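Trainee: First the structure, then my questions, so here it is.
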Amino acid sequence: MPDSMDAVFQALACQSRRQMVDIVKAAPGCGVGHVASFFPMSRIAVMKHLKVLAEARLIVSEKEGRTRRLYFNAVPIQLIYDRWTGEYSALWASQLTDLKHRIEAKGKGP
Amino acid sequence: MTSDAAKRATDKLVFQVHINGRIDDVWREITRTDAPQGCFFNAVLHTTGLRPGGKVQMRTKSGGNTLVIGEVLEFDPPRRYAVTFRFTQYDDPPCKVIHDLREVPGGVEYTLTVEDVAAGSKTAKDMTGGGKMIVNSLKRIVETGRPSLATRLMYKMFGLMEFVLPKKCRSKNWPL
């Protein structure tokens, strides 16, 4: 069942995996070791999580010699967005999310 | 993490999607010169020849403006097509755009890779949004025969709003 949305939602339904996506997005081309350094779990456990993310195509891994480089792939999330968000709803929804981000940033203080 | 990003001089962006279709159809969409490319902002591919060293340009449907210039690096149908890529309206150095096609069960895995993008440049910003759009439109065209309604409306607008493009984009400034 390639590229199913089930795989994407399942992959994202886990806090550690969402953090892994954040980490890879912030450091395109990083290796498994870089990701693992953020977690108290074993490297094997991290690799299992990364495999789930790769199967959902949220992370694309490329072999470069003996190392593996990881990249964030925004396309699966864009496909979810496209499915339920039209031009007009996008405008209003983004006003609300902007407001949320602004207020919440204020709450955190400088 | 931000310091990591700041240290990088160039970025690499990867966009990947599974397309329920035939590899030849995907290849034809990304290399077609006979009609506007619905997967690439409805621009028309002009070329001196699709082979390494051949010059390529993406021009508006009217032909009046040239949006992108580049040179073919690799041309290996139907698996890999790589070009240098520079937006005519920016002064950023050229980056590299690579299309990789791979047959997988149930269709094609299409990967768009953008390499050597100057980090934080206008090109990097445009490619981040543009890449998603290219990959999604391509999937849509191969699977359904045409881009989504929202994308088609946007293309209509492009046609009407062509005059807003900066003067430096005029095709007379970019002989092929």
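Within each chain, counting starts at residue 1; across the structure tokens, chains are named A, B, ... in the order shown, with ligands numbered 1 upward in that order.
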With a distance cut-off of 7 Å and only C-alpha atoms, select the neighbouring residues of Ile59 of chain A, excluding the residue or stretch itself and same-chain residues fewer than 6 positions from it, and output the selection as a ChimeraX atom specification.
Mentor: /A:53,70-73
Trainee: If the cut-off is 10 Å, can you tell me the residues of chain A near chain B, counting only C-alpha atoms? I'd like them as a ChimeraX atom specification.
Mentor: /A:1-4,22-29,57-61,70-79,82,86-87
Trainee: Show which residues sit within 6 Å of Tyr81 of chain B, as a list in words. Count only C-alpha atoms, and ignore same-chain residues fewer than 4 positions away.
Mentor: Glu74, Phe75, Ile98 and His99 of chain B
Trainee: Would you return as a PyMOL selection string the members of chain A that DSSP assigns to alpha helix (DSSP H) on this structure's backbone?
Mentor: chain A and resi 5-12+15-26+32-36+43-55+75-84+87-108
Trainee: Can those selected residues be exported to a file as an mmCIF file, in the first residue's frame so that it contains C-alpha atoms?
Mentor:
data_model
loop_
_atom_site.group_PDB
_atom_site.id
_atom_site.type_symbol
_atom_site.label_atom_id
_atom_site.label_comp_id
_atom_site.auth_asym_id
_atom_site.auth_seq_id
_atom_site.Cartn_x
_atom_site.Cartn_y
_atom_site.Cartn_z
ATOM 1 C CA MET A 5 -2.198 8.486 4.306
ATOM 2 C CA ASP A 6 -2.528 5.834 7.003
ATOM 3 C CA ALA A 7 1.238 5.510 7.032
ATOM 4 C CA VAL A 8 1.684 9.270 7.431
ATOM 5 C CA PHE A 9 -0.778 9.629 10.297
ATOM 6 C CA GLN A 10 0.574 6.540 11.998
ATOM 7 C CA ALA A 11 4.126 7.844 11.681
ATOM 8 C CA LEU A 12 3.171 11.212 13.135
ATOM 9 C CA GLN A 15 5.921 12.390 19.923
ATOM 10 C CA SER A 16 9.459 11.062 19.443
ATOM 11 C CA ARG A 17 8.897 10.613 15.725
ATOM 12 C CA ARG A 18 7.503 14.125 15.382
ATOM 13 C CA GLN A 19 10.631 15.386 17.162
ATOM 14 C CA MET A 20 12.777 13.368 14.767
ATOM 15 C CA VAL A 21 11.082 15.116 11.857
ATOM 16 C CA ASP A 22 11.855 18.490 13.509
ATOM 17 C CA ILE A 23 15.486 17.497 13.963
ATOM 18 C CA VAL A 24 15.961 16.322 10.369
ATOM 19 C CA LYS A 25 14.141 19.357 8.978
ATOM 20 C CA ALA A 26 16.483 21.651 10.937
ATOM 21 C CA VAL A 32 21.255 8.744 12.194
ATOM 22 C CA GLY A 33 23.828 9.548 14.904
ATOM 23 C CA HIS A 34 22.807 13.187 14.948
ATOM 24 C CA VAL A 35 19.156 12.246 15.454
ATOM 25 C CA ALA A 36 20.022 9.623 18.079
ATOM 26 C CA ARG A 43 20.434 3.753 18.225
ATOM 27 C CA ILE A 44 18.524 0.636 17.109
ATOM 28 C CA ALA A 45 15.285 2.080 18.533
ATOM 29 C CA VAL A 46 15.930 5.387 16.764
ATOM 30 C CA MET A 47 16.528 3.523 13.504
ATOM 31 C CA LYS A 48 13.206 1.710 13.916
ATOM 32 C CA HIS A 49 11.417 5.036 14.309
ATOM 33 C CA LEU A 50 13.250 6.449 11.293
ATOM 34 C CA LYS A 51 12.171 3.446 9.266
ATOM 35 C CA VAL A 52 8.518 4.173 10.081
ATOM 36 C CA LEU A 53 9.057 7.796 8.997
ATOM 37 C CA ALA A 54 10.796 6.676 5.808
ATOM 38 C CA GLU A 55 7.966 4.285 4.929
ATOM 39 C CA VAL A 75 5.115 16.337 0.199
ATOM 40 C CA PRO A 76 3.010 13.856 2.264
ATOM 41 C CA ILE A 77 1.927 16.683 4.576
ATOM 42 C CA GLN A 78 1.147 18.900 1.601
ATOM 43 C CA LEU A 79 -1.063 16.117 0.182
ATOM 44 C CA ILE A 80 -3.037 16.018 3.441
ATOM 45 C CA TYR A 81 -3.337 19.795 3.351
ATOM 46 C CA ASP A 82 -4.484 19.771 -0.296
ATOM 47 C CA ARG A 83 -7.162 17.220 0.462
ATOM 48 C CA TRP A 84 -9.018 19.301 3.006
ATOM 49 C CA GLU A 87 -7.967 28.548 -1.249
ATOM 50 C CA TYR A 88 -10.497 30.371 0.948
ATOM 51 C CA SER A 89 -10.393 28.117 3.953
ATOM 52 C CA ALA A 90 -6.587 28.326 3.799
ATOM 53 C CA LEU A 91 -6.762 32.103 4.137
ATOM 54 C CA TRP A 92 -9.010 32.044 7.200
ATOM 55 C CA ALA A 93 -7.438 29.029 8.798
ATOM 56 C CA SER A 94 -4.000 30.630 8.515
ATOM 57 C CA GLN A 95 -5.339 33.809 10.165
ATOM 58 C CA LEU A 96 -6.375 31.680 13.116
ATOM 59 C CA THR A 97 -3.112 29.758 13.315
ATOM 60 C CA ASP A 98 -1.154 33.049 13.068
ATOM 61 C CA LEU A 99 -3.216 34.400 15.960
ATOM 62 C CA LYS A 100 -2.590 31.255 17.991
ATOM 63 C CA HIS A 101 1.181 31.409 17.347
ATOM 64 C CA ARG A 102 1.284 35.141 18.211
ATOM 65 C CA ILE A 103 -0.619 34.800 21.467
ATOM 66 C CA GLU A 104 1.272 31.706 22.534
ATOM 67 C CA ALA A 105 4.616 33.348 21.760
ATOM 68 C CA LYS A 106 3.577 36.294 23.946
ATOM 69 C CA GLY A 107 2.730 33.928 26.793
ATOM 70 C CA LYS A 108 6.249 32.503 26.706
#
Trainee: Identify, with DSSP run on backbone atoms, the residues in chain B assigned to strand (DSSP E or B), and express the list as JSON, numbers by chain.
Mentor: {"B": [10, 11, 12, 13, 14, 15, 16, 17, 18, 19, 37, 43, 44, 45, 46, 47, 55, 56, 57, 58, 59, 65, 66, 67, 68, 69, 70, 71, 72, 73, 74, 75, 76, 80, 81, 82, 83, 84, 85, 86, 87, 95, 96, 97, 98, 99, 100, 101, 102, 103, 104, 107, 108, 109, 110, 111, 112, 113, 114, 115, 116, 117, 118, 170]}
Trainee: One decimal, in Å: what's the spacing between atom CA of Arg66 of chain A and atom CA of Val114 of chain B?
Mentor: 21.9 Å
Trainee: What's around Lys96 of chain B at 7 Å? Count only C-alpha atoms, leave out sequence neighbours fewer than 5 positions away in its own chain, and write the answer as a count of residues only.
Mentor: 6
Trainee: So that I can check the surroundings of segment 90-92 of chain B, please list as a list in words every protein, DNA and RNA residue that reaches within 10 Å of it, counting only C-alpha atoms and ignoring chain neighbours fewer than 3 positions away.
Mentor: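 Non-adjacent residues within range: Leu67, Val68, Arg86, Phe87, Cys95, Val117, Ala118, Ser121, Lys122, Thr123, Ala124, Lys168 and Cys169 of chain B.
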Trainee: Between atom CA of Leu112 of chain B and atom CA of Ile23 of chain B, what is the distance in Å, rounded to a tenth?
Mentor: 14.6 Å
Trainee: Pick out the residues sitting within 7 Å of Pro78 of chain B, and hand them over as a VMD selection string; count only C-alpha atoms, and ignore anything fewer than 2 positions along from it in its own chain.
Mentor: chain B and resid 23 to 24 27 76 80 101
Trainee: Please dump the current selection as a PDB file, in the first residue's frame; keep all heavy atoms.
Mentor:
ATOM      1  N   ILE B  23       5.937   4.966 -15.790  1.00  0.00           N
ATOM      2  CA  ILE B  23       7.170   5.754 -15.730  1.00  0.00           C
ATOM      3  C   ILE B  23       7.324   6.623 -16.988  1.00  0.00           C
ATOM      4  O   ILE B  23       7.768   7.770 -16.909  1.00  0.00           O
ATOM      5  CB  ILE B  23       8.394   4.824 -15.488  1.00  0.00           C
ATOM      6  CG1 ILE B  23       9.615   5.651 -15.061  1.00  0.00           C
ATOM      7  CG2 ILE B  23       8.724   3.964 -16.698  1.00  0.00           C
ATOM      8  CD1 ILE B  23      10.743   4.825 -14.456  1.00  0.00           C
ATOM      9  N   ASP B  24       6.913   6.105 -18.148  1.00  0.00           N
ATOM     10  CA  ASP B  24       7.044   6.873 -19.387  1.00  0.00           C
ATOM     11  C   ASP B  24       6.161   8.127 -19.375  1.00  0.00           C
ATOM     12  O   ASP B  24       6.532   9.158 -19.930  1.00  0.00           O
ATOM     13  CB  ASP B  24       6.672   6.010 -20.605  1.00  0.00           C
ATOM     14  CG  ASP B  24       7.671   4.884 -20.798  1.00  0.00           C
ATOM     15  OD1 ASP B  24       8.823   5.038 -20.339  1.00  0.00           O
ATOM     16  OD2 ASP B  24       7.301   3.856 -21.397  1.00  0.00           O
ATOM     17  N   TRP B  27       7.924  10.665 -17.191  1.00  0.00           N
ATOM     18  CA  TRP B  27       9.073  11.180 -17.928  1.00  0.00           C
ATOM     19  C   TRP B  27       8.632  12.193 -18.993  1.00  0.00           C
ATOM     20  O   TRP B  27       9.229  13.243 -19.169  1.00  0.00           O
ATOM     21  CB  TRP B  27       9.839  10.019 -18.576  1.00  0.00           C
ATOM     22  CG  TRP B  27      11.035  10.486 -19.335  1.00  0.00           C
ATOM     23  CD1 TRP B  27      11.130  10.664 -20.677  1.00  0.00           C
ATOM     24  CD2 TRP B  27      12.302  10.855 -18.786  1.00  0.00           C
ATOM     25  NE1 TRP B  27      12.387  11.133 -20.994  1.00  0.00           N
ATOM     26  CE2 TRP B  27      13.118  11.250 -19.858  1.00  0.00           C
ATOM     27  CE3 TRP B  27      12.820  10.887 -17.481  1.00  0.00           C
ATOM     28  CZ2 TRP B  27      14.439  11.684 -19.677  1.00  0.00           C
ATOM     29  CZ3 TRP B  27      14.120  11.314 -17.301  1.00  0.00           C
ATOM     30  CH2 TRP B  27      14.916  11.702 -18.382  1.00  0.00           C
ATOM     31  N   ASP B  76      18.956  10.708 -19.033  1.00  0.00           N
ATOM     32  CA  ASP B  76      18.967   9.256 -19.098  1.00  0.00           C
ATOM     33  C   ASP B  76      17.524   8.744 -19.011  1.00  0.00           C
ATOM     34  O   ASP B  76      17.052   8.345 -17.952  1.00  0.00           O
ATOM     35  CB  ASP B  76      19.833   8.734 -17.923  1.00  0.00           C
ATOM     36  CG  ASP B  76      19.861   7.225 -17.858  1.00  0.00           C
ATOM     37  OD1 ASP B  76      19.527   6.563 -18.864  1.00  0.00           O
ATOM     38  OD2 ASP B  76      20.202   6.697 -16.783  1.00  0.00           O
ATOM     39  N   ARG B  80      16.570   9.521 -15.231  1.00  0.00           N
ATOM     40  CA  ARG B  80      17.191  10.684 -14.575  1.00  0.00           C
ATOM     41  C   ARG B  80      17.358  11.840 -15.551  1.00  0.00           C
ATOM     42  O   ARG B  80      17.810  11.653 -16.684  1.00  0.00           O
ATOM     43  CB  ARG B  80      18.560  10.270 -14.022  1.00  0.00           C
ATOM     44  CG  ARG B  80      19.289  11.390 -13.328  1.00  0.00           C
ATOM     45  CD  ARG B  80      20.505  10.849 -12.614  1.00  0.00           C
ATOM     46  NE  ARG B  80      20.271  10.913 -11.179  1.00  0.00           N
ATOM     47  CZ  ARG B  80      21.168  11.431 -10.331  1.00  0.00           C
ATOM     48  NH1 ARG B  80      22.324  11.869 -10.757  1.00  0.00           N
ATOM     49  NH2 ARG B  80      20.906  11.488  -9.039  1.00  0.00           N
ATOM     50  N   LEU B 101      13.433   9.050 -11.399  1.00  0.00           N
ATOM     51  CA  LEU B 101      12.228   8.230 -11.519  1.00  0.00           C
ATOM     52  C   LEU B 101      12.609   6.783 -11.275  1.00  0.00           C
ATOM     53  O   LEU B 101      13.646   6.325 -11.776  1.00  0.00           O
ATOM     54  CB  LEU B 101      11.628   8.347 -12.924  1.00  0.00           C
ATOM     55  CG  LEU B 101      10.889   9.627 -13.304  1.00  0.00           C
ATOM     56  CD1 LEU B 101      11.798  10.841 -13.281  1.00  0.00           C
ATOM     57  CD2 LEU B 101      10.270   9.496 -14.684  1.00  0.00           C
TER      58      LEU B 101
END
Trainee: Figure out the distance between atom CA of Glu162 of chain B and atom CA of Lys139 of chain B, please, to one decimal in Å.
Mentor: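 Separating atom CA of Lys139 of chain B from atom CA of Glu162 of chain B is a distance of 26.0 Å.
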Trainee: Would you list the contacts of Val56 of chain B as a PyMOL selection string, taking every protein, DNA or RNA residue within 8 Å and counting only C-alpha atoms, but skipping same-chain residues closer than 6 positions in sequence?
Mentor: chain B and resi 45-50+69-72+176
